[in-house]
Amino acid sequence: MLEIAGKKLKSRLLIGSGKFSSYELMRDAIISSKSDLATVALRRVELKGSSKGILGYIPKTINLLPNTSGARNADEAVRIARICKMAGGTNWIKLEVIPDPVYLLPDPIETLQAAQQLVKEDFVVLPYINADPLLAKRLEDAGCATVMPLGAPIGSNKGLKTVEMIKIIIDICKIPVVVDAGIGKPSDAAYAMELGADAVLVNSAIAVADDPVKMADAFRLAVIAGRRAFESGLGEQSDKGEASSPLTGFLDG
Amino acid sequence: MKKSECFILNEAEINELLDRTFTSSRAYAALEKEQLGISGFAALIKHDKNDNLFYEKLAVKAREATRARFGLVKGLYIPLYLSSACHNSCSYCGFSIENKTKRVTLSMDEIKKELKAIRAKGFSNILLVSGELKNFSNIDYLAEAVASARSAGFHSIAVELGALDEQPALMLAKAGANSFVLYQETYHRETYEKAHAGGLKAGYRLRLGGADRAIKARFKQVTLGFLVGLYSDPMFEALALYSHLSYLKQKYWDVEFSVSFPRMTSAAGVGSAFKKVDDRQYAQMLMAFRLAFPENGINLSTRETPKFRDGMANICATHLSVESKTHPGGYIDKSGEALAQFDIHDNRSLLEMTAALKGIGYDVYFKDWEMELNRL
């Protein structure tokens, strides 16, 4: 079972709550995904006033993972995280530091700085990063709970374009690896899971589908299938030597 | 900052693109391109608007790009006009100094009341607009208005107060404003100079450098635009805006841009001597901007009709103003409607607007920012 910072999660599919055409549909899609963990952007949450807003529609059984969306540097991310903690009562934070408004790529330097500060303040930090293996290790050393490398830019639905780097991250990281961003199809999610990713986070591909509830179910199944394939030992496509290679068999004959 | 550090329009390049003939296959090919380039963009806006196959394909592509980037949500915003006192003589504007009617400048107390009323409607984003006064000597007043919006609980404060110098712009940013709106009005120099014979806006180049200065003053969200119809060739304007945006994006990679280019409507006391641009041509320009800049917000104001706004929201518009009053105040005291900056064509209430967008499959949001992100 997936475990992040000591918390056991039944599902390896994490879901984002943005971009849906209504809160009702978002709620139904979250339920259908059977996810245990949903991300929410503080910048979209109205903390004051009487209206229920988005938080009123996320099922109570789901763990909330607030994110620092909007932050463009470490300072802003830390401030947003603190507001989330005060408002939501959770010390979990998905760290997003994105100064690039075009491709929405995360800033590695500011992300590491923010992560170090937030860990010091006892946050459980889940940083969104480019698929950079050494950055992933540095964040692991800093005490992050996971790393969340992107498969492709946010919202691009391009699939696992960074696959070679994601393989290395999975290989060298001890903390869970959650592939985040770029996953456009259930087959992309299954692929990430087959590679040994611990989980995937999906938002746009579910939210913008014609039938988000059904698509959430499709992703649920794909994640289960991919994980099961990984656990049952896929035929290796290894870069290393193959034991069954017939090339050198003649030497033993 | 020096003028040379600001954007300069290469009119020759624009004119060359306007003169160039683009084949039909070039326009169709541009529909499939990930990086359009200015010539691809020109091919899109210049293609025959009555080629239905092309037109519908353009719409489908624009819709896909909008949905992928922005999801199924539309931002709603509301302007608060602070003052109709203005030293400019823009020939098309109801606030023109030539227009001899009574001016209204809201007192800070009135501003606070208006802000409270707007906040109570549920808005978390506000756009503050004002006529331009001599030497921007009213900058303290404007900064205080921004600070009031902050105290009133707004999370995103946009200012549309003219092509400020860097220092006054920085004052507004420090007071809590995060978003800067500046219309060039027209990129066509000769037309610009004719329409802005006097006042603060008389300098074309000064206006053109306004976005550069705002960015230097640490604004990270900037909306650019022009008035469709002020100059007779809207394609010139669209290409110039493309050029301006490309320049700024390369120079300031960490700034988020939106575009807004409303079609002109008449205003009290001024003529209607502007070029009418029909729906098909206008929509073609909006859609082409979406393909050229998939990440940019596209605003549509209440100058457009409900039918047009809803239709374009379903294709490429991402932000819509609603319940706009285009005279100072107006959300509490509804008596001052005599001098409006321009006429509006979409009078729907917030509830009606929300229901209409829901009806075509979109949620609306009123908040997409956090005041903590504005701290300088």
# chains A, B, ... in the order shown; residues from 1 in each chain; ligands from 1
call {"tool": "interface_residues", "arguments": {"of": "chain B", "to": "chain A", "cutoff": "8 Å", "atoms": "only C-alpha atoms", "output": "ChimeraX atom specification"}}
result
/B:67-73,253-256,295,358,361-363,365,367-370,372-373
call {"tool": "select_by_dssp", "arguments": {"residues": "region 81-218 of chain B", "states": "strand (DSSP E)", "output": "list in words"}}
result
Tyr81, Leu82, Ser83, Asn125, Ile126, Leu127, Leu128, Val129, Ser130, Ser156, Ile157, Ala158, Val159, Glu160, Ser179, Phe180, Val181, Leu182, Tyr183, Gln184 and Glu185 of chain B
call {"tool": "select_by_dssp", "arguments": {"residues": "region 157-250 of chain B", "states": "alpha helix (DSSP H)", "output": "compact mmCIF listing (two decimals) with C-alpha atoms, in the first residue's frame"}}
result
# COMPACT_ATOMS: atom_id res chain seq x y z
CA GLU B 166 7.81 53.55 -13.03
CA GLN B 167 7.72 55.25 -9.62
CA PRO B 168 3.96 55.84 -9.43
CA ALA B 169 3.37 52.33 -10.78
CA LEU B 170 5.58 50.95 -8.04
CA MET B 171 3.56 52.89 -5.46
CA LEU B 172 0.43 51.12 -6.66
CA ALA B 173 2.16 47.74 -6.61
CA LYS B 174 3.34 48.35 -3.08
CA ALA B 175 -0.16 49.36 -2.05
CA ARG B 189 0.80 56.30 -34.84
CA GLU B 190 -0.91 58.79 -37.09
CA THR B 191 -4.36 57.75 -35.88
CA TYR B 192 -3.14 57.82 -32.29
CA GLU B 193 -1.84 61.34 -32.61
CA LYS B 194 -5.03 62.53 -34.22
CA ALA B 195 -7.26 60.98 -31.56
CA TYR B 204 2.41 57.80 -28.66
CA ARG B 205 5.80 56.45 -27.62
CA LEU B 206 5.13 57.26 -23.98
CA ARG B 207 2.01 55.13 -24.12
CA LEU B 208 3.80 52.34 -25.96
CA GLY B 210 3.82 51.93 -20.43
CA ALA B 211 3.84 48.15 -20.15
CA ASP B 212 7.64 48.07 -19.97
CA ARG B 213 7.55 50.59 -17.13
CA ALA B 214 4.83 48.72 -15.23
CA ILE B 215 6.87 45.54 -15.46
CA LYS B 216 9.94 47.36 -14.19
CA PRO B 234 -8.13 46.07 -37.39
CA MET B 235 -5.60 43.61 -38.85
CA PHE B 236 -2.86 46.19 -38.50
CA GLU B 237 -3.77 46.48 -34.83
CA ALA B 238 -3.88 42.73 -34.30
CA LEU B 239 -0.45 42.26 -35.85
CA ALA B 240 0.94 45.14 -33.83
CA LEU B 241 -0.43 43.64 -30.62
CA TYR B 242 1.09 40.30 -31.58
CA SER B 243 4.40 42.04 -32.10
CA HIS B 244 4.15 43.91 -28.79
CA LEU B 245 3.33 40.75 -26.88
CA SER B 246 6.14 38.78 -28.49
CA TYR B 247 8.60 41.49 -27.60
CA LEU B 248 7.48 41.65 -23.98
CA LYS B 249 7.38 37.88 -23.55
CA GLN B 250 10.93 37.46 -24.71
call {"tool": "residues_around", "arguments": {"residues": "Gly16 (chain A)", "least_positions_apart": "5", "cutoff": "8 Å", "atoms": "only C-alpha atoms", "output": "number ranges by chain"}}
result
A: 38-40, 201-204
call {"tool": "closest_residue", "arguments": {"among": "B:Ser148, B:Gly203, B:Glu11, B:Leu127", "to": "Ala163 (chain B)", "atoms": "only C-alpha atoms"}}
result
B:Gly203
call {"tool": "residues_around", "arguments": {"residues": "region 117-120 of chain A", "least_positions_apart": "3", "cutoff": "9 Å", "atoms": "only C-alpha atoms", "output": "short mmCIF file (atom, residue, chain, number, x, y, z; two decimals) with all heavy atoms, in the first residue's frame"}}
result
data_model
loop_
_atom_site.label_atom_id
_atom_site.label_comp_id
_atom_site.auth_asym_id
_atom_site.auth_seq_id
_atom_site.Cartn_x
_atom_site.Cartn_y
_atom_site.Cartn_z
N ALA A 74 10.36 31.25 -3.56
CA ALA A 74 10.31 30.50 -2.31
C ALA A 74 9.51 31.24 -1.24
O ALA A 74 8.69 30.64 -0.53
CB ALA A 74 11.73 30.21 -1.83
N VAL A 78 6.24 29.77 0.73
CA VAL A 78 6.23 29.54 2.17
C VAL A 78 5.05 30.28 2.82
O VAL A 78 4.35 29.74 3.68
CB VAL A 78 7.59 29.98 2.79
CG1 VAL A 78 7.50 30.01 4.31
CG2 VAL A 78 8.70 29.05 2.32
N ALA A 81 1.88 28.41 2.06
CA ALA A 81 1.82 27.18 2.85
C ALA A 81 1.35 27.48 4.27
O ALA A 81 0.54 26.76 4.85
CB ALA A 81 3.18 26.50 2.86
N ARG A 82 1.87 28.57 4.82
CA ARG A 82 1.47 28.92 6.20
C ARG A 82 -0.02 29.26 6.28
O ARG A 82 -0.70 28.89 7.24
CB ARG A 82 2.31 30.11 6.70
CG ARG A 82 3.75 29.73 7.00
CD ARG A 82 4.55 30.98 7.33
NE ARG A 82 5.97 30.68 7.48
CZ ARG A 82 6.94 31.59 7.25
NH1 ARG A 82 6.62 32.82 6.89
NH2 ARG A 82 8.20 31.26 7.39
N ILE A 93 1.57 19.92 2.29
CA ILE A 93 1.55 20.97 1.27
C ILE A 93 2.17 20.45 -0.03
O ILE A 93 3.22 19.83 -0.02
CB ILE A 93 2.29 22.25 1.76
CG1 ILE A 93 2.03 23.42 0.83
CG2 ILE A 93 3.79 22.05 1.90
CD1 ILE A 93 0.70 24.10 1.03
N LEU A 112 13.68 24.14 -4.00
CA LEU A 112 14.55 23.53 -2.99
C LEU A 112 14.62 24.42 -1.74
O LEU A 112 14.50 23.94 -0.61
CB LEU A 112 15.94 23.28 -3.57
CG LEU A 112 16.95 22.62 -2.62
CD1 LEU A 112 16.44 21.25 -2.14
CD2 LEU A 112 18.31 22.46 -3.29
N GLN A 113 14.75 25.72 -1.97
CA GLN A 113 14.81 26.65 -0.82
C GLN A 113 13.53 26.61 -0.01
O GLN A 113 13.56 26.55 1.22
CB GLN A 113 15.06 28.08 -1.30
CG GLN A 113 16.51 28.31 -1.72
CD GLN A 113 16.70 29.67 -2.39
OE1 GLN A 113 15.76 30.43 -2.54
NE2 GLN A 113 17.93 29.96 -2.78
N ALA A 114 12.40 26.63 -0.71
CA ALA A 114 11.11 26.60 -0.01
C ALA A 114 10.95 25.28 0.74
O ALA A 114 10.49 25.25 1.88
CB ALA A 114 9.97 26.79 -1.00
N PHE A 123 6.30 20.95 8.01
CA PHE A 123 5.34 20.62 6.95
C PHE A 123 5.71 19.26 6.35
O PHE A 123 6.87 18.86 6.34
CB PHE A 123 5.40 21.66 5.82
CG PHE A 123 4.62 22.91 6.11
CD1 PHE A 123 5.22 24.00 6.74
CD2 PHE A 123 3.28 23.00 5.74
CE1 PHE A 123 4.49 25.15 7.00
CE2 PHE A 123 2.55 24.16 6.00
CZ PHE A 123 3.16 25.24 6.62
N VAL A 124 4.68 18.57 5.85
CA VAL A 124 4.91 17.40 5.00
C VAL A 124 4.91 17.92 3.57
O VAL A 124 3.88 18.39 3.07
CB VAL A 124 3.79 16.36 5.19
CG1 VAL A 124 3.94 15.22 4.20
CG2 VAL A 124 3.81 15.84 6.63
N VAL A 125 6.08 17.91 2.95
CA VAL A 125 6.25 18.63 1.69
C VAL A 125 6.27 17.67 0.50
O VAL A 125 7.05 16.71 0.47
CB VAL A 125 7.55 19.45 1.71
CG1 VAL A 125 7.70 20.26 0.43
CG2 VAL A 125 7.59 20.37 2.92
N ALA A 142 16.57 16.88 1.71
CA ALA A 142 16.02 18.01 2.47
C ALA A 142 14.87 17.57 3.38
O ALA A 142 14.43 18.34 4.23
CB ALA A 142 15.54 19.09 1.52
N GLY A 143 14.38 16.36 3.17
CA GLY A 143 13.33 15.86 4.05
C GLY A 143 11.93 15.89 3.46
O GLY A 143 10.93 15.79 4.19
N CYS A 144 11.83 15.99 2.15
CA CYS A 144 10.50 15.98 1.52
C CYS A 144 9.87 14.59 1.63
O CYS A 144 10.56 13.58 1.72
CB CYS A 144 10.60 16.39 0.05
SG CYS A 144 10.99 18.13 -0.16
#
call {"tool": "atom_distance", "arguments": {"atom1": "CA of Ala30 (chain B)", "atom2": "CA of Asp51 (chain B)"}}
result
14.9 Å
